[in-house]
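structure.cif (mmCIF, C-alpha atoms and all ligand atoms) appears below.
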data_coords
loop_
_atom_site.group_PDB
_atom_site.id
_atom_site.type_symbol
_atom_site.label_atom_id
_atom_site.label_comp_id
_atom_site.auth_asym_id
_atom_site.auth_seq_id
_atom_site.Cartn_x
_atom_site.Cartn_y
_atom_site.Cartn_z
ATOM 1 C CA MET V 1 -24.047 -18.605 10.435
ATOM 2 C CA GLY V 2 -20.393 -19.490 10.361
ATOM 3 C CA TRP V 3 -17.763 -17.122 11.525
ATOM 4 C CA ILE V 4 -16.507 -15.095 8.674
ATOM 5 C CA TRP V 5 -13.050 -13.636 8.785
ATOM 6 C CA CYS V 6 -11.811 -11.176 6.304
ATOM 7 C CA SER V 7 -8.413 -10.479 4.967
ATOM 8 C CA GLY V 8 -6.742 -7.167 5.394
ATOM 9 C CA ARG V 9 -4.834 -5.575 2.596
ATOM 10 C CA GLU V 10 -1.328 -6.722 3.329
ATOM 11 C CA ARG V 11 -0.597 -6.861 -0.361
ATOM 12 C CA MET V 12 -1.462 -3.206 -0.693
ATOM 13 C CA SER V 13 1.567 -2.076 1.185
ATOM 14 C CA SER V 14 5.170 -2.678 1.864
ATOM 15 C CA SER V 15 8.180 -1.177 3.500
ATOM 16 C CA ARG V 16 11.912 -1.064 3.085
ATOM 17 C CA GLU V 17 14.826 0.065 5.122
ATOM 18 C CA GLU V 18 18.299 0.796 3.908
ATOM 19 C CA THR V 19 21.267 1.991 5.831
ATOM 20 C CA ALA V 20 24.432 3.770 4.901
ATOM 21 C CA VAL V 21 27.032 3.914 7.636
ATOM 22 C CA ALA V 22 30.588 5.064 8.096
ATOM 23 C CA MET V 23 32.507 3.951 11.138
ATOM 24 C CA ARG V 24 35.679 5.388 12.517
ATOM 25 C CA ASN V 25 36.562 5.304 16.146
ATOM 26 C CA PRO V 26 37.647 8.825 17.128
ATOM 27 C CA GLN V 27 39.134 7.485 20.370
ATOM 28 C CA SER V 28 41.415 5.017 18.631
ATOM 29 C CA GLY V 29 44.525 7.177 18.931
ATOM 30 C CA ARG V 30 44.619 7.387 22.729
ATOM 31 C CA GLY V 31 47.731 6.147 24.442
ATOM 32 C CA LEU V 32 49.773 5.892 21.249
ATOM 33 C CA SER V 33 52.866 7.731 20.187
ATOM 34 C CA ALA V 34 52.544 11.006 18.321
ATOM 35 C CA ILE V 35 53.626 9.373 15.050
ATOM 36 C CA ALA V 36 51.193 6.498 15.431
ATOM 37 C CA ARG V 37 48.410 8.919 16.389
ATOM 38 C CA ARG V 38 49.155 11.066 13.364
ATOM 39 C CA ALA V 39 49.181 7.981 11.124
ATOM 40 C CA ILE V 40 45.821 6.903 12.511
ATOM 41 C CA LEU V 41 44.396 10.392 12.071
ATOM 42 C CA TRP V 42 45.517 10.389 8.465
ATOM 43 C CA ALA V 43 44.115 6.920 7.954
ATOM 44 C CA GLY V 44 40.868 8.088 9.553
ATOM 45 C CA PHE V 45 40.772 11.135 7.325
ATOM 46 C CA LEU V 46 41.339 8.972 4.266
ATOM 47 C CA LEU V 47 38.708 6.505 5.411
ATOM 48 C CA SER V 48 36.120 9.226 5.980
ATOM 49 C CA THR V 49 37.003 10.749 2.622
ATOM 50 C CA MET V 50 36.625 7.332 1.027
ATOM 51 C CA TRP V 51 33.302 6.922 2.740
ATOM 52 C CA ILE V 52 32.048 10.253 1.508
ATOM 53 C CA GLY V 53 33.233 9.171 -1.906
ATOM 54 C CA ILE V 54 31.138 6.074 -1.515
ATOM 55 C CA LEU V 55 28.222 8.184 -0.308
ATOM 56 C CA LEU V 56 28.467 10.523 -3.259
ATOM 57 C CA GLY V 57 29.623 8.240 -5.988
ATOM 58 C CA ALA V 58 27.875 4.964 -5.463
ATOM 59 C CA GLU V 59 24.611 4.827 -7.299
ATOM 60 C CA ARG V 60 23.431 1.376 -6.421
ATOM 61 C CA PRO V 61 20.784 -0.294 -8.505
ATOM 62 C CA ALA V 62 17.320 0.574 -7.246
ATOM 63 C CA ARG V 63 15.800 -1.915 -4.850
ATOM 64 C CA ARG V 64 12.458 -2.933 -6.118
ATOM 65 C CA ASP V 65 9.729 -4.079 -3.823
ATOM 66 C CA GLU V 66 7.035 -4.939 -6.321
ATOM 67 C CA ALA V 67 5.935 -1.404 -7.029
ATOM 68 C CA VAL V 68 7.999 1.183 -5.219
ATOM 69 C CA SER V 69 11.739 1.707 -4.980
ATOM 70 C CA VAL V 70 14.058 4.441 -3.780
ATOM 71 C CA ARG V 71 17.128 5.444 -5.793
ATOM 72 C CA ARG V 72 20.149 7.326 -4.485
ATOM 73 C CA VAL V 73 21.543 10.008 -6.766
ATOM 74 C CA PRO V 74 24.738 11.923 -5.925
ATOM 75 C CA SER V 75 24.241 15.664 -6.215
ATOM 76 C CA GLY V 76 26.802 18.313 -5.318
ATOM 77 C CA ASP V 77 28.194 17.537 -1.894
ATOM 78 C CA GLY V 78 25.347 15.238 -0.914
ATOM 79 C CA VAL V 79 22.935 12.633 -2.132
ATOM 80 C CA ASN V 80 19.278 12.851 -3.146
ATOM 81 C CA LEU V 81 16.770 10.066 -2.611
ATOM 82 C CA ILE V 82 14.343 9.579 -5.480
ATOM 83 C CA VAL V 83 11.054 7.738 -4.976
ATOM 84 C CA GLU V 84 10.066 5.656 -8.010
ATOM 85 C CA ASN V 85 6.542 4.341 -8.505
ATOM 86 C CA HIS V 86 6.399 1.460 -10.982
ATOM 87 C CA ALA V 87 2.753 0.688 -10.214
ATOM 88 C CA PRO V 88 -0.150 1.438 -12.571
ATOM 89 C CA CYS V 89 -1.788 3.575 -9.893
ATOM 90 C CA ASP V 90 -0.943 6.308 -7.415
ATOM 91 C CA VAL V 91 0.981 5.182 -4.368
ATOM 92 C CA THR V 92 1.392 7.088 -1.120
ATOM 93 C CA VAL V 93 4.847 6.876 0.406
ATOM 94 C CA THR V 94 6.016 7.815 3.898
ATOM 95 C CA MET V 95 9.780 8.122 4.357
ATOM 96 C CA ILE V 96 11.808 8.383 7.529
ATOM 97 C CA VAL V 97 15.437 9.473 7.464
ATOM 98 C CA ASP V 98 17.768 9.721 10.411
ATOM 99 C CA GLY V 99 21.490 9.838 10.949
ATOM 100 C CA SER V 100 24.372 11.612 12.605
ATOM 101 C CA ASN V 101 26.482 14.456 11.266
ATOM 102 C CA VAL V 102 24.127 14.877 8.309
ATOM 103 C CA ARG V 103 21.735 17.613 7.274
ATOM 104 C CA VAL V 104 18.406 16.299 5.979
ATOM 105 C CA THR V 105 16.327 18.569 3.759
ATOM 106 C CA TRP V 106 12.878 17.457 2.647
ATOM 107 C CA ILE V 107 12.162 18.307 -0.966
ATOM 108 C CA ARG V 108 8.556 17.168 -0.583
ATOM 109 C CA PRO V 109 6.489 16.188 2.471
ATOM 110 C CA GLU V 110 7.514 13.072 4.354
ATOM 111 C CA THR V 111 4.181 11.574 3.323
ATOM 112 C CA GLU V 112 3.285 12.254 -0.294
ATOM 113 C CA THR V 113 1.580 10.591 -3.226
ATOM 114 C CA CYS V 114 3.593 9.566 -6.271
ATOM 115 C CA PRO V 115 1.454 9.322 -9.443
ATOM 116 C CA ALA V 116 1.407 6.115 -11.473
ATOM 117 C CA GLY V 117 4.675 5.443 -13.270
ATOM 118 C CA SER V 118 6.380 8.579 -11.984
ATOM 119 C CA GLU V 119 9.351 9.451 -9.828
ATOM 120 C CA ALA V 120 10.037 12.370 -7.517
ATOM 121 C CA GLU V 121 12.911 13.732 -5.484
ATOM 122 C CA ALA V 122 12.008 13.171 -1.875
ATOM 123 C CA VAL V 123 14.880 14.193 0.318
ATOM 124 C CA ARG V 124 18.419 15.545 0.205
ATOM 125 C CA ILE V 125 21.152 14.415 2.589
ATOM 126 C CA VAL V 126 24.483 16.205 2.969
ATOM 127 C CA PRO V 127 27.311 15.724 5.475
ATOM 128 C CA GLU V 128 27.209 18.388 8.164
ATOM 129 C CA ASN V 129 30.972 18.284 8.648
ATOM 130 C CA PRO V 130 32.654 16.495 5.713
ATOM 131 C CA SER V 131 35.865 15.881 7.644
ATOM 132 C CA ARG V 132 34.066 13.800 10.247
ATOM 133 C CA PRO V 133 32.381 10.443 9.868
ATOM 134 C CA CYS V 134 28.677 10.486 9.427
ATOM 135 C CA SER V 135 25.927 7.951 8.954
ATOM 136 C CA TRP V 136 22.355 7.935 7.800
ATOM 137 C CA ARG V 137 19.597 5.511 6.990
ATOM 138 C CA PHE V 138 16.172 5.686 5.492
ATOM 139 C CA HIS V 139 13.031 3.683 5.825
ATOM 140 C CA PHE V 140 9.911 3.873 3.712
ATOM 141 C CA LYS V 141 6.454 2.411 3.597
ATOM 142 C CA TRP V 142 3.851 2.682 0.922
ATOM 143 C CA VAL V 143 0.247 1.859 0.126
ATOM 144 C CA LYS V 144 -1.761 2.078 -3.050
ATOM 145 C CA GLY V 145 -3.857 5.212 -3.497
ATOM 146 C CA ASN V 146 -3.743 8.979 -3.203
ATOM 147 C CA VAL V 147 -3.469 10.603 0.215
ATOM 148 C CA HIS V 148 -5.321 13.637 -1.183
ATOM 149 C CA ALA V 149 -8.305 11.588 -2.407
ATOM 150 C CA ARG V 150 -11.661 12.736 -1.074
ATOM 151 C CA HIS V 151 -14.468 10.242 -1.348
ATOM 152 C CA ASP V 152 -17.422 11.570 -3.357
ATOM 153 C CA GLU V 153 -20.249 11.186 -0.836
ATOM 154 C CA ASN V 154 -22.872 11.706 -3.550
ATOM 155 C CA THR V 155 -21.914 8.555 -5.438
ATOM 156 C CA LEU V 156 -24.391 5.696 -5.233
ATOM 157 C CA TYR V 157 -22.810 2.250 -5.495
ATOM 158 C CA LEU V 158 -24.397 -0.835 -6.994
ATOM 159 C CA LEU V 159 -24.361 -4.013 -4.956
ATOM 160 C CA PRO V 160 -21.269 -5.979 -6.073
ATOM 161 C CA PHE V 161 -23.167 -8.797 -7.744
ATOM 162 C CA GLU V 162 -25.433 -9.349 -10.741
ATOM 163 C CA ALA V 163 -28.677 -7.413 -11.082
ATOM 164 C CA GLY V 164 -31.677 -9.334 -9.777
ATOM 165 C CA ARG V 165 -29.641 -11.551 -7.477
ATOM 166 C CA SER V 166 -29.963 -11.357 -3.692
ATOM 167 C CA PHE V 167 -27.375 -12.050 -0.998
ATOM 168 C CA ARG V 168 -27.266 -11.801 2.769
ATOM 169 C CA VAL V 169 -24.928 -9.439 4.571
ATOM 170 C CA SER V 170 -22.785 -11.622 6.796
ATOM 171 C CA GLN V 171 -20.839 -8.705 8.289
ATOM 172 C CA GLY V 172 -21.686 -5.034 7.941
ATOM 173 C CA TYR V 173 -20.119 -1.714 8.893
ATOM 174 C CA ASN V 174 -18.451 -1.782 12.311
ATOM 175 C CA GLY V 175 -18.696 -5.593 12.343
ATOM 176 C CA THR V 176 -17.158 -6.983 15.481
ATOM 177 C CA LEU V 177 -15.348 -9.852 13.772
ATOM 178 C CA THR V 178 -13.026 -7.955 11.457
ATOM 179 C CA HIS V 179 -14.744 -4.758 10.296
ATOM 180 C CA PHE V 180 -13.034 -2.159 12.428
ATOM 181 C CA ASP V 181 -10.105 0.223 12.086
ATOM 182 C CA GLN V 182 -9.035 0.094 8.445
ATOM 183 C CA ASP V 183 -12.009 -2.113 7.545
ATOM 184 C CA GLN V 184 -14.611 -0.160 9.527
ATOM 185 C CA TYR V 185 -16.924 0.383 6.557
ATOM 186 C CA ALA V 186 -16.399 -2.875 4.684
ATOM 187 C CA VAL V 187 -19.320 -5.174 3.952
ATOM 188 C CA ASP V 188 -19.362 -8.967 3.489
ATOM 189 C CA PHE V 189 -21.909 -10.881 1.452
ATOM 190 C CA ALA V 190 -22.210 -14.623 1.990
ATOM 191 C CA MET V 191 -22.244 -16.315 -1.413
ATOM 192 C CA ARG V 192 -21.530 -19.723 -2.857
ATOM 193 C CA GLU V 193 -18.149 -20.148 -4.543
ATOM 194 C CA GLY V 194 -18.211 -19.316 -8.218
ATOM 195 C CA THR V 195 -20.805 -16.549 -7.930
ATOM 196 C CA ALA V 196 -20.272 -13.668 -10.353
ATOM 197 C CA VAL V 197 -18.940 -10.548 -8.613
ATOM 198 C CA CYS V 198 -19.557 -7.208 -10.313
ATOM 199 C CA ALA V 199 -17.996 -3.757 -10.027
ATOM 200 C CA ALA V 200 -20.002 -1.655 -7.584
ATOM 201 C CA ARG V 201 -18.619 1.502 -9.188
ATOM 202 C CA SER V 202 -16.798 2.241 -12.425
ATOM 203 C CA GLY V 203 -13.041 2.711 -12.477
ATOM 204 C CA VAL V 204 -9.740 1.258 -13.598
ATOM 205 C CA VAL V 205 -8.337 -2.079 -12.437
ATOM 206 C CA VAL V 206 -5.029 -1.270 -10.729
ATOM 207 C CA ASP V 207 -4.160 -4.511 -8.981
ATOM 208 C CA LEU V 208 -5.287 -8.124 -8.808
ATOM 209 C CA GLU V 209 -4.339 -11.565 -7.568
ATOM 210 C CA GLU V 210 -5.849 -14.909 -8.496
ATOM 211 C CA SER V 211 -3.142 -17.490 -7.810
ATOM 212 C CA TYR V 212 -4.203 -18.693 -4.366
ATOM 213 C CA LYS V 213 -6.168 -21.849 -3.923
ATOM 214 C CA THR V 214 -7.319 -21.999 -0.330
ATOM 215 C CA GLY V 215 -8.071 -19.900 2.717
ATOM 216 C CA GLY V 216 -8.794 -20.385 6.371
ATOM 217 C CA PRO V 217 -9.364 -18.885 9.808
ATOM 218 C CA SER V 218 -5.678 -18.202 10.317
ATOM 219 C CA LYS V 219 -3.787 -14.950 9.954
ATOM 220 C CA LYS V 220 -1.241 -16.788 7.829
ATOM 221 C CA TYR V 221 -3.822 -16.514 5.050
ATOM 222 C CA LYS V 222 -4.072 -12.732 5.291
ATOM 223 C CA SER V 223 -1.611 -12.174 2.495
ATOM 224 C CA ARG V 224 -2.851 -15.117 0.433
ATOM 225 C CA VAL V 225 -6.084 -13.658 -0.829
ATOM 226 C CA ASN V 226 -7.305 -13.381 -4.398
ATOM 227 C CA PHE V 227 -8.607 -9.887 -5.068
ATOM 228 C CA VAL V 228 -9.289 -7.064 -7.509
ATOM 229 C CA SER V 229 -8.564 -3.378 -6.788
ATOM 230 C CA ILE V 230 -10.439 -0.745 -8.789
ATOM 231 C CA ALA V 231 -9.384 2.926 -8.667
ATOM 232 C CA HIS V 232 -12.344 5.321 -8.846
ATOM 233 C CA ASP V 233 -12.428 8.758 -10.430
ATOM 234 C CA ASP V 234 -12.240 10.449 -7.008
ATOM 235 C CA GLY V 235 -8.975 8.647 -6.209
ATOM 236 C CA THR V 236 -10.452 6.116 -3.781
ATOM 237 C CA ILE V 237 -9.965 2.393 -4.382
ATOM 238 C CA GLY V 238 -12.624 -0.318 -4.250
ATOM 239 C CA GLU V 239 -11.367 -3.657 -2.941
ATOM 240 C CA TYR V 240 -13.054 -6.971 -3.742
ATOM 241 C CA HIS V 241 -11.646 -10.012 -1.915
ATOM 242 C CA HIS V 242 -11.645 -13.817 -1.527
ATOM 243 C CA PHE V 243 -12.065 -14.910 -5.170
ATOM 244 C CA ARG V 244 -11.583 -18.501 -6.218
ATOM 245 C CA GLN V 245 -8.353 -19.544 -7.909
ATOM 246 C CA ASN V 246 -8.070 -18.161 -11.443
ATOM 247 C CA GLY V 247 -11.412 -16.469 -10.870
ATOM 248 C CA VAL V 248 -10.470 -12.951 -11.961
ATOM 249 C CA LEU V 249 -12.144 -11.836 -15.203
ATOM 250 C CA VAL V 250 -10.427 -8.477 -15.744
ATOM 251 C CA GLU V 251 -6.887 -7.227 -16.347
ATOM 252 C CA ILE V 252 -4.737 -4.521 -14.822
ATOM 253 C CA GLY V 253 -5.279 -1.245 -16.647
ATOM 254 C CA GLN V 254 -8.741 -2.238 -17.841
ATOM 255 C CA ARG V 255 -11.586 0.262 -17.457
ATOM 256 C CA VAL V 256 -14.671 -1.368 -15.956
ATOM 257 C CA GLU V 257 -18.188 -0.028 -15.651
ATOM 258 C CA ALA V 258 -20.471 -0.370 -12.637
ATOM 259 C CA GLY V 259 -22.327 -3.668 -12.909
ATOM 260 C CA GLN V 260 -19.648 -5.347 -15.062
ATOM 261 C CA ARG V 261 -18.557 -8.826 -14.014
ATOM 262 C CA ILE V 262 -15.033 -8.731 -12.607
ATOM 263 C CA ALA V 263 -14.497 -12.085 -10.869
ATOM 264 C CA LEU V 264 -15.924 -15.295 -9.443
ATOM 265 C CA SER V 265 -16.294 -15.469 -5.677
ATOM 266 C CA GLY V 266 -14.474 -17.927 -3.456
ATOM 267 C CA ASN V 267 -13.016 -18.518 -0.038
ATOM 268 C CA THR V 268 -9.324 -17.620 -0.353
ATOM 269 C CA GLY V 269 -7.374 -15.603 2.189
ATOM 270 C CA TYR V 270 -8.322 -15.007 5.796
ATOM 271 C CA SER V 271 -11.791 -16.492 5.566
ATOM 272 C CA THR V 272 -13.722 -19.471 6.904
ATOM 273 C CA PHE V 273 -16.813 -19.232 4.779
ATOM 274 C CA PRO V 274 -17.325 -18.452 1.091
ATOM 275 C CA HIS V 275 -18.086 -14.751 0.866
ATOM 276 C CA LEU V 276 -17.257 -11.492 -0.843
ATOM 277 C CA HIS V 277 -15.563 -8.689 1.054
ATOM 278 C CA PHE V 278 -16.082 -5.226 -0.413
ATOM 279 C CA GLY V 279 -14.719 -1.933 0.869
ATOM 280 C CA VAL V 280 -13.614 1.510 -0.345
ATOM 281 C CA TYR V 281 -10.328 2.922 0.891
ATOM 282 C CA SER V 282 -7.828 5.749 0.596
ATOM 283 C CA PRO V 283 -4.461 6.209 2.332
ATOM 284 C CA LEU V 284 -4.032 8.077 5.593
ATOM 285 C CA ASP V 285 -0.270 7.842 5.082
ATOM 286 C CA GLY V 286 2.228 5.338 3.714
ATOM 287 C CA LYS V 287 1.065 2.687 6.161
ATOM 288 C CA ARG V 288 -2.539 3.220 7.201
ATOM 289 C CA LEU V 289 -5.763 3.292 5.215
ATOM 290 C CA ARG V 290 -8.991 5.165 5.737
ATOM 291 C CA SER V 291 -12.217 3.203 5.250
ATOM 292 C CA HIS V 292 -15.100 5.080 3.582
ATOM 293 C CA PRO V 293 -18.806 4.392 4.174
ATOM 294 C CA VAL V 294 -20.702 4.098 0.901
ATOM 295 C CA ALA V 295 -24.402 4.133 -0.012
ATOM 296 C CA PHE V 296 -25.836 1.345 -2.179
ATOM 297 C CA ALA V 297 -28.743 1.568 -4.610
ATOM 298 C CA THR V 298 -30.733 -1.641 -4.068
ATOM 299 C CA ARG V 299 -34.158 -2.985 -4.893
ATOM 300 C CA GLN V 300 -34.960 -2.430 -1.215
ATOM 301 C CA GLY V 301 -34.074 1.268 -1.563
ATOM 302 C CA ILE V 302 -30.959 3.285 -0.844
ATOM 303 C CA VAL V 303 -28.958 1.529 1.846
ATOM 304 C CA THR V 304 -26.502 3.695 3.747
ATOM 305 C CA GLU V 305 -25.605 1.063 6.319
ATOM 306 C CA PRO V 306 -25.987 -2.563 5.190
ATOM 307 C CA ALA V 307 -27.473 -4.471 8.128
ATOM 308 C CA GLU V 308 -25.990 -7.784 9.176
ATOM 309 C CA GLY V 309 -28.377 -10.616 8.384
ATOM 310 C CA ARG V 310 -30.411 -8.590 5.877
ATOM 311 C CA VAL V 311 -30.784 -9.727 2.272
ATOM 312 C CA TYR V 312 -30.397 -7.144 -0.482
ATOM 313 C CA THR V 313 -31.162 -7.411 -4.185
ATOM 314 C CA ALA V 314 -28.942 -5.795 -6.814
ATOM 315 C CA LEU V 315 -30.276 -3.273 -9.313
ATOM 316 C CA PRO V 316 -28.945 -3.002 -12.881
ATOM 317 C CA ALA V 317 -26.597 -0.159 -13.750
ATOM 318 C CA ALA V 318 -28.407 3.096 -14.574
ATOM 319 C CA LYS V 319 -28.542 3.750 -18.316
HETATM 320 ZN ZN ZN G 1 -14.953 -8.385 5.285
#
Write-out of the structure in C-alpha cells:
Amino acid sequence: MGWIWCSGRERMSSSREETAVAMRNPQSGRGLSAIARRAILWAGFLLSTMWIGILLGAERPARRDEAVSVRRVPSGDGVNLIVENHAPCDVTVTMIVDGSNVRVTWIRPETETCPAGSEAEAVRIVPENPSRPCSWRFHFKWVKGNVHARHDENTLYLLPFEAGRSFRVSQGYNGTLTHFDQDQYAVDFAMREGTAVCAARSGVVVDLEESYKTGGPSKKYKSRVNFVSIAHDDGTIGEYHHFRQNGVLVEIGQRVEAGQRIALSGNTGYSTFPHLHFGVYSPLDGKRLRSHPVAFATRQGIVTEPAEGRVYTALPAAK
C-alpha cells in the first residue's frame, strides 16, 4: 500500500489584517522656544483632528477575500466594523481588535457565525480621548460553517461511492499519516481515478474546486485540491477531496441527495495515491475545525469506525 497523504482544508479559511494608525510624537516640542512649542502643539492638534476625521469619515471600499470582508462605517464619534459574508453558506468569523487610546465595544461575540449572504455589526471603536492620538487595528479569520452546529449522531451515512461497489479503506479514523487533529475522523478510500463519488448524506453544495490537474506528497499541494463541500441540515459540512481535473458534477447552490453522483475521483492536492478523502466538519472558531465521527450503513452492516485495510460495499439510498 502506498503512502496516502490527504489535503487539509486550506481553502476553507482565510484571514485578513488591517491597521489604522495615527502618529504624533508628544515629545517633539522639548527644547524648543515657547512659540515653536505652541506651533507644534497646534500642528499636532490639527493632525490628530485630521486623523480622527480620517477615522470617522473614510469609508474605504470593502476588502474582499473570496467570501468574507470587513467594512468600516463611521458612526457618531467612532467607527463600526461590519462583517460581510458573500458566501453561499454560513461562515464563522473570529475578530481581534487592539489599539491605544481607543475604547472597543463588542456588538456580538468575538467568534460568531454570519449566515449566508448576510452582514452584521461586529465591533465599535471610539477614541478614548479625542484630543490625543490613537491607533487601532483589526485582524480576522474565517472558516465555512456554523459554530453552533451540532452533528446529528443518529444520522446514518452512505458510503461515498455507487451502490454495489466496494473499496478498501486506506486510512481510517485516527490514522497516523494525516487523520488527526482537524481530520481525526476522516476516512480515505483507495480508488482508481475517474471513479464516481457519491454524496454520503443529502445537503446543499456550498463550495467546490475542479481546476487543479496534479497532486503530490508535498505540502505545496495542500491548497491545490479539487473538492466538493456539502452543507447538511444540521449545519455540519461534508468534505470530499482529491477529484480529477474538471471532475465535479454538481454546482454551488445545488441540492443533492444521498447516493447522488457528485464527482469523479482523482489524485489532486496533497496526495500520493488516487483516493477519496471524506470527512464531516464544523467550526470550533474562525480558524479551527472540529472533526465529527460518522456511522456508515454498508452491506457489511453499520460501521461506526471504518477499519484501515477493510473493504466495504455501498448500499443504495433508502427509499
Ligand atoms: Zn484523508
Restrict the calculation to all atoms listed in the file, then for each residue of stretch 63-87 of chain V with any atom at most 12 Å from an atom of stretch 103-108 of chain V give the closest atom pair and their distance in Å to one decimal, rows by chain and rising residue number, as a Markdown table.
| residue | atom | partner | partner_atom | distance |
| --- | --- | --- | --- | --- |
| V:Asp77 | CA | V:Arg103 | CA | 11.2 |
| V:Gly78 | CA | V:Arg103 | CA | 9.3 |
| V:Val79 | CA | V:Val104 | CA | 10.0 |
| V:Asn80 | CA | V:Ile107 | CA | 9.2 |
| V:Leu81 | CA | V:Ile107 | CA | 9.6 |
| V:Ile82 | CA | V:Ile107 | CA | 10.1 |
| V:Val83 | CA | V:Arg108 | CA | 10.7 |
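For the atom pair formed by atom CA of V:Pro88 and atom CA of V:Val187, the distance is 26.2 Å, given to one decimal.
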Item to check | Selection dump of the PyMOL selection byres (((chain V and resi 191-208) around 6) and not hetatm), as a PyMOL selection string | outcome: chain V and resi 88-89+157-161+190+209+227-232+252-266+274-275
Item to check | Residues in the PyMOL selection byres (((not hetatm)) within 10 of (chain G and resi 1)), expressed as a PyMOL selection string | outcome: chain V and resi 4-8+170-173+175+177-180+183-189+240-242+270-271+275-279
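Reported to one decimal place, the separation of atom CA of V:Lys222 from atom CA of V:Val248 is 18.4 Å.
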Checklist entry - Interatomic distance between atom CA of V:Val70 and atom CA of V:Asn85? => result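 According to the coordinates, atom CA of V:Val70 and atom CA of V:Asn85 are separated by 8.9 Å.
Nearest residue to V:Lys287, choosing from V:Ala87, V:Val143, V:Ala149, V:Ala122 and counting all atoms listed in the file: V:Val143.
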Checklist outcome for this item: Between V:Val169, V:Ala163, V:Val97, V:Ala317, smallest distance to V:Ser135 by all atoms listed in the file belongs to V:Val97
Next on the checklist: To test your reading of the syntax: which residues would the PyMOL selection byres (((chain V and resi 115) around 10) and not hetatm) return for the file shown? Reply as a ChimeraX atom specification.
Outcome noted: /V:84-92,112-114,116-120,145-146
Item to check | Nearest to V:Ile237, chosen from V:Asp181, V:Asp152, V:Glu121, V:Glu110, with only C-alpha atoms counted in the distances | outcome: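 Residue with the minimum atom-to-atom distance to V:Ile237: V:Asp152.
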Stretch 74-80 of chain V: axis-aligned bounding box, 8 Å on each side, centre and edge lengths in Å, one decimal, as lines of an AutoDock Vina configuration file:
center_x = 23.7
center_y = 15.1
center_z = -3.6
size_x = 24.9
size_y = 22.4
size_z = 21.3
Near V:Arg150, within 12 Å and counting only C-alpha atoms, which residues show up once chain neighbours fewer than 4 positions away are dropped, as a short mmCIF file (atom, residue, chain, number, x, y, z; two decimals) with C-alpha atoms, in the frame of the given file?
data_model
loop_
_atom_site.label_atom_id
_atom_site.label_comp_id
_atom_site.auth_asym_id
_atom_site.auth_seq_id
_atom_site.Cartn_x
_atom_site.Cartn_y
_atom_site.Cartn_z
CA GLY V 145 -3.86 5.21 -3.50
CA ASN V 146 -3.74 8.98 -3.20
CA ASN V 154 -22.87 11.71 -3.55
CA THR V 155 -21.91 8.56 -5.44
CA HIS V 232 -12.34 5.32 -8.85
CA ASP V 233 -12.43 8.76 -10.43
CA ASP V 234 -12.24 10.45 -7.01
CA GLY V 235 -8.98 8.65 -6.21
CA THR V 236 -10.45 6.12 -3.78
CA ILE V 237 -9.96 2.39 -4.38
CA VAL V 280 -13.61 1.51 -0.34
CA TYR V 281 -10.33 2.92 0.89
CA SER V 282 -7.83 5.75 0.60
CA PRO V 283 -4.46 6.21 2.33
CA LEU V 284 -4.03 8.08 5.59
CA ARG V 290 -8.99 5.16 5.74
CA SER V 291 -12.22 3.20 5.25
CA HIS V 292 -15.10 5.08 3.58
#
